[in-house]
Structure formats: C-alpha cells, structure tokens
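The data block below is model.cif; it holds mmCIF, C-alpha atoms.
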```cif
data_protein
#
loop_
_atom_site.group_PDB
_atom_site.id
_atom_site.type_symbol
_atom_site.label_atom_id
_atom_site.label_comp_id
_atom_site.auth_asym_id
_atom_site.auth_seq_id
_atom_site.Cartn_x
_atom_site.Cartn_y
_atom_site.Cartn_z
ATOM 1 C CA MET A 166 -66.573 -25.206 -36.037
ATOM 2 C CA GLU A 167 -64.283 -22.935 -34.048
ATOM 3 C CA ASN A 168 -60.574 -22.767 -34.563
ATOM 4 C CA VAL A 169 -59.184 -22.871 -30.996
ATOM 5 C CA GLN A 170 -55.574 -21.756 -30.674
ATOM 6 C CA LYS A 171 -53.557 -23.418 -27.944
ATOM 7 C CA PRO A 172 -51.826 -20.783 -25.823
ATOM 8 C CA LYS A 173 -48.087 -20.660 -26.418
ATOM 9 C CA VAL A 174 -45.261 -20.277 -23.964
ATOM 10 C CA GLY A 175 -44.016 -16.716 -24.262
ATOM 11 C CA ALA A 176 -40.692 -15.568 -25.622
ATOM 12 C CA GLY A 177 -39.570 -14.566 -22.119
ATOM 13 C CA ILE A 178 -40.077 -18.069 -20.755
ATOM 14 C CA LYS A 179 -38.303 -19.560 -23.767
ATOM 15 C CA THR A 180 -35.372 -17.159 -23.388
ATOM 16 C CA MET A 181 -34.983 -17.787 -19.655
ATOM 17 C CA SER A 182 -35.289 -21.529 -20.249
ATOM 18 C CA ILE A 183 -32.549 -21.482 -22.865
ATOM 19 C CA ILE A 184 -30.304 -19.452 -20.559
ATOM 20 C CA GLN A 185 -30.996 -21.850 -17.692
ATOM 21 C CA LEU A 186 -30.306 -24.901 -19.870
ATOM 22 C CA VAL A 187 -27.025 -23.368 -21.103
ATOM 23 C CA PHE A 188 -25.986 -22.705 -17.488
ATOM 24 C CA SER A 189 -26.894 -26.297 -16.625
ATOM 25 C CA PHE A 190 -24.879 -27.635 -19.560
ATOM 26 C CA PHE A 191 -21.784 -25.668 -18.565
ATOM 27 C CA GLY A 192 -22.312 -26.717 -14.952
ATOM 28 C CA LEU A 193 -22.325 -30.348 -16.022
ATOM 29 C CA LEU A 194 -19.115 -29.803 -18.004
ATOM 30 C CA ASN A 195 -17.474 -28.222 -14.946
ATOM 31 C CA ILE A 196 -18.564 -31.116 -12.745
ATOM 32 C CA LYS A 197 -17.155 -33.595 -15.276
ATOM 33 C CA SER A 198 -13.850 -31.735 -15.406
ATOM 34 C CA TYR A 199 -13.691 -31.679 -11.610
ATOM 35 C CA PHE A 200 -14.052 -35.455 -11.370
ATOM 36 C CA VAL A 201 -11.267 -35.850 -13.938
ATOM 37 C CA ASN A 202 -8.904 -33.317 -12.298
ATOM 38 C CA ASN A 203 -10.002 -33.270 -8.648
ATOM 39 C CA ASP A 204 -6.461 -33.665 -7.256
ATOM 40 C CA LYS A 205 -5.142 -30.724 -9.281
ATOM 41 C CA THR A 206 -8.152 -28.582 -8.407
ATOM 42 C CA ASN A 207 -7.877 -29.233 -4.680
ATOM 43 C CA ALA A 208 -4.107 -28.630 -4.778
ATOM 44 C CA ALA A 209 -4.686 -25.264 -6.430
ATOM 45 C CA LEU A 210 -7.328 -24.391 -3.826
ATOM 46 C CA ARG A 211 -4.941 -25.344 -1.007
ATOM 47 C CA THR A 212 -2.273 -22.981 -2.375
ATOM 48 C CA LEU A 213 -4.835 -20.154 -2.321
ATOM 49 C CA ASN A 214 -5.861 -21.065 1.259
ATOM 50 C CA LEU A 215 -9.383 -21.882 0.109
ATOM 51 C CA PRO A 216 -11.398 -24.869 1.348
ATOM 52 C CA GLU A 217 -11.230 -28.019 -0.750
ATOM 53 C CA ILE A 218 -14.201 -29.186 -2.778
ATOM 54 C CA THR A 219 -15.599 -32.492 -1.579
ATOM 55 C CA ASN A 220 -17.113 -35.187 -3.743
ATOM 56 C CA LEU A 221 -20.352 -34.867 -1.759
ATOM 57 C CA SER A 222 -20.792 -31.192 -2.614
ATOM 58 C CA ILE A 223 -20.079 -31.904 -6.280
ATOM 59 C CA THR A 224 -22.598 -34.756 -6.284
ATOM 60 C CA ILE A 225 -25.250 -32.563 -4.669
ATOM 61 C CA GLY A 226 -24.563 -29.881 -7.273
ATOM 62 C CA LEU A 227 -24.901 -32.502 -10.015
ATOM 63 C CA VAL A 228 -28.283 -33.620 -8.683
ATOM 64 C CA PHE A 229 -29.507 -30.020 -8.423
ATOM 65 C CA THR A 230 -28.343 -29.287 -11.976
ATOM 66 C CA ILE A 231 -30.050 -32.333 -13.473
ATOM 67 C CA ILE A 232 -33.325 -31.737 -11.632
ATOM 68 C CA LEU A 233 -33.264 -28.066 -12.622
ATOM 69 C CA ALA A 234 -32.785 -28.969 -16.291
ATOM 70 C CA VAL A 235 -35.661 -31.466 -16.120
ATOM 71 C CA SER A 236 -37.927 -28.881 -14.494
ATOM 72 C CA VAL A 237 -37.122 -26.334 -17.224
ATOM 73 C CA ILE A 238 -38.048 -28.914 -19.858
ATOM 74 C CA LEU A 239 -41.322 -29.555 -18.010
ATOM 75 C CA ILE A 240 -42.026 -25.815 -17.981
ATOM 76 C CA LEU A 241 -41.489 -25.682 -21.736
ATOM 77 C CA MET A 242 -43.971 -28.567 -22.043
ATOM 78 C CA LYS A 243 -46.514 -26.409 -20.113
ATOM 79 C CA LYS A 244 -46.565 -28.697 -17.066
ATOM 80 C CA GLU A 245 -47.419 -27.054 -13.771
ATOM 81 C CA LEU A 246 -45.243 -29.582 -11.921
ATOM 82 C CA GLY A 247 -42.178 -28.103 -13.645
ATOM 83 C CA ILE A 248 -42.821 -24.735 -12.013
ATOM 84 C CA TYR A 249 -43.010 -26.240 -8.538
ATOM 85 C CA ILE A 250 -39.893 -28.342 -9.019
ATOM 86 C CA TYR A 251 -37.974 -25.402 -10.515
ATOM 87 C CA PHE A 252 -38.589 -23.038 -7.622
ATOM 88 C CA ILE A 253 -38.128 -25.723 -4.957
ATOM 89 C CA ILE A 254 -34.730 -26.600 -6.434
ATOM 90 C CA VAL A 255 -33.732 -22.938 -6.717
ATOM 91 C CA VAL A 256 -34.569 -22.359 -3.044
ATOM 92 C CA ALA A 257 -32.894 -25.625 -1.983
ATOM 93 C CA ASN A 258 -29.756 -24.696 -3.915
ATOM 94 C CA ILE A 259 -29.594 -21.282 -2.247
ATOM 95 C CA VAL A 260 -30.146 -22.765 1.209
ATOM 96 C CA TYR A 261 -27.493 -25.414 0.572
ATOM 97 C CA SER A 262 -25.022 -22.754 -0.591
ATOM 98 C CA ILE A 263 -25.664 -20.632 2.485
ATOM 99 C CA VAL A 264 -25.250 -23.608 4.809
ATOM 100 C CA ASN A 265 -22.164 -24.850 2.978
ATOM 101 C CA VAL A 266 -20.147 -21.623 2.557
ATOM 102 C CA GLY A 267 -22.146 -18.942 4.365
ATOM 103 C CA PHE A 268 -24.027 -15.992 2.942
ATOM 104 C CA LYS A 269 -22.225 -13.749 0.510
ATOM 105 C CA PRO A 270 -23.881 -10.805 -1.274
ATOM 106 C CA LEU A 271 -22.583 -12.163 -4.588
ATOM 107 C CA MET A 272 -25.075 -15.048 -4.200
ATOM 108 C CA LEU A 273 -27.872 -12.604 -4.988
ATOM 109 C CA LEU A 274 -26.714 -12.547 -8.624
ATOM 110 C CA GLY A 275 -27.872 -16.144 -8.873
ATOM 111 C CA LEU A 276 -31.431 -14.955 -8.312
ATOM 112 C CA ILE A 277 -31.655 -12.916 -11.508
ATOM 113 C CA VAL A 278 -32.681 -15.768 -13.816
ATOM 114 C CA PRO A 279 -35.195 -17.373 -11.380
ATOM 115 C CA VAL A 280 -36.834 -14.006 -10.627
ATOM 116 C CA LEU A 281 -37.177 -13.195 -14.326
ATOM 117 C CA MET A 282 -38.510 -16.713 -14.946
ATOM 118 C CA GLY A 283 -41.068 -16.180 -12.190
ATOM 119 C CA ILE A 284 -42.179 -12.873 -13.696
ATOM 120 C CA PHE A 285 -42.601 -14.388 -17.158
ATOM 121 C CA ILE A 286 -44.457 -17.412 -15.766
ATOM 122 C CA TRP A 287 -46.730 -15.098 -13.784
ATOM 123 C CA ASN A 288 -47.555 -13.202 -16.971
ATOM 124 C CA LYS A 289 -48.506 -16.478 -18.709
ATOM 125 C CA LYS A 290 -50.096 -18.162 -15.677
ATOM 126 C CA GLU A 291 -53.222 -19.120 -17.646
ATOM 127 C CA ILE A 292 -51.138 -21.649 -19.602
ATOM 128 C CA PHE A 293 -50.079 -23.527 -16.472
ATOM 129 C CA ASN A 294 -53.270 -23.256 -14.406
ATOM 130 C CA THR A 295 -54.906 -26.692 -14.239
ATOM 131 C CA GLU A 296 -58.280 -25.266 -13.203
ATOM 132 C CA THR A 297 -58.680 -23.377 -16.486
ATOM 133 C CA LYS A 298 -57.497 -26.409 -18.471
ATOM 134 C CA ASN A 299 -60.259 -28.527 -16.941
ATOM 135 C CA ILE A 300 -62.925 -25.902 -17.633
ATOM 136 C CA GLU A 301 -61.820 -25.504 -21.274
ATOM 137 C CA ALA A 302 -61.831 -29.253 -21.852
#
```
Is it possible to express this structure as structure tokens?
Amino acid sequence: MENVQKPKVGAGIKTMSIIQLVFSFFGLLNIKSYFVNNDKTNAALRTLNLPEITNLSITIGLVFTIILAVSVILILMKKELGIYIYFIIVVANIVYSIVNVGFKPLMLLGLIVPVLMGIFIWNKKEIFNTETKNIEA
C-alpha cells in the first residue's frame, strides 16, 4: 500500500494570502470607521479641495474586499475557483479605480501582491489543476 502525500500549498501562497487577508481586515475597519464618521471625513476632504467619498464607492469597495477575502480562503483550500475569482476581482478593482479617479502611477503599487500571488500559484499549478486531480483519483 502506497503512502500518497497530498500536495501542500506553498509558503509563498500562504504568505501572500495572509498579507491579503490583513489588508482586507484593515480595509474593512476603514470602511466601518468611514460609515461612523462620514460627515467629518467629507468635511476634512472639502477643506483640502479633494472630492468627497460617496456611500456608493464605499459600498463597492466593501463588496470587493469581502469577495477578495473569500477568494483567498478558497485558494488556501486549493479550489481553482478561488484563483479565478481573485484575479477577476483584482482586475475589476483596478478598472473601477481608474474609472472613478483616473489613472495614477501610484496605483501600480497595488499590483505587487497580486503579481506575487500569481507567480506563486503558477509555481504550484499542479495543486489547482482539475485535470490532474481527476487523473489521480
């Protein structure tokens, strides 16, 4: 009888997932604090001649954050669907940001974690590939 080891998610994927979940947690805290202090926040933005934050943009950010956290959890559970959802949400978030405020070179910093996550997932692609799972079963 053979002892078959299940392939594990690599340390890189775990590290990027933890970083992403921490960012999501702090994002949720910021969204909560905005809803509590939205008048003060918008007043401060008006004094700096910056555009006000609308409830719609905060709600969209909340939805993106929750879906991103769920997709990271699915990736840690070795589900291929999590990968698709993760990268679709990352692209949708970037597109929404560009449409909402315009392109700024600083937005490229937000691509560091998704690019590293993609590299680590690519290195462990045999874990997520459903074709190899069916053959092994």
Residue nearest Val228 of chain A among A:Thr212, A:Ser189, A:Asn265, A:Asn288 (counting all atoms listed in the file):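 Checking each of A:Thr212, A:Ser189, A:Asn265, A:Asn288 against Val228 of chain A, counting all atoms listed in the file, the winner is A:Ser189.
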Pairwise distance for atom CA of Ser236 of chain A and atom CA of Val201 of chain A, rounded to one decimal in Å: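 Interatomic distance, atom CA of Ser236 of chain A to atom CA of Val201 of chain A: 27.6 Å.
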Output of the PyMOL selection byres ((chain A and resi 286) around 12), listed as a PyMOL selection string: chain A and resi 173-182+237+240-241+243-245+247-249+251-252+279-285+287-294
Length of the atom CA of Val278 of chain A to atom CA of Ile254 of chain A vector [Å]: 13.3 Å
Nearest-residue call for Val266 of chain A, choices A:Leu215, A:Leu239, A:Ile231, A:Ile225, using only C-alpha atoms: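 Residue with the minimum atom-to-atom distance to Val266 of chain A: A:Leu215.
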Nearest to Glu217 of chain A by atom-to-atom distance, counting all atoms listed in the file, from A:Ala234, A:Val264, A:Phe229, A:Tyr199: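 Using all atoms listed in the file, the shortest distance to Glu217 of chain A belongs to A:Tyr199.
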Non-local contacts of Asp204 of chain A (12 Å; all atoms listed in the file; under 4 positions in same chain excluded) as number ranges by chain: A: 198-200, 208-211, 217-220
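Shortest separation to Ile223 of chain A among A:Met242, A:Leu273, A:Ile196, A:Val255 occurs at residue A:Ile196, atoms counted being all atoms listed in the file.
Separating atom CA of Asn202 of chain A from atom CA of Leu271 of chain A is a distance of 26.3 Å.
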Nearest candidate to Lys197 of chain A (options A:Thr224, A:Gly267, A:Val256, A:Gly275; using all atoms listed in the file): A:Thr224
Pick from A:Leu213, A:Leu227, A:Ile250, A:Leu276, whichever lies nearest to Phe190 of chain A using all atoms listed in the file: A:Leu227
Work out where the centre of an axis-aligned box around every listed atom of segment 189-194 of chain A lies and how long its edges are once 8 Å is added on each side; give both in Å to one decimal as lines of an AutoDock Vina configuration file.
```
center_x = -23.0
center_y = -28.0
center_z = -17.3
size_x = 23.8
size_y = 20.7
size_z = 20.6
```
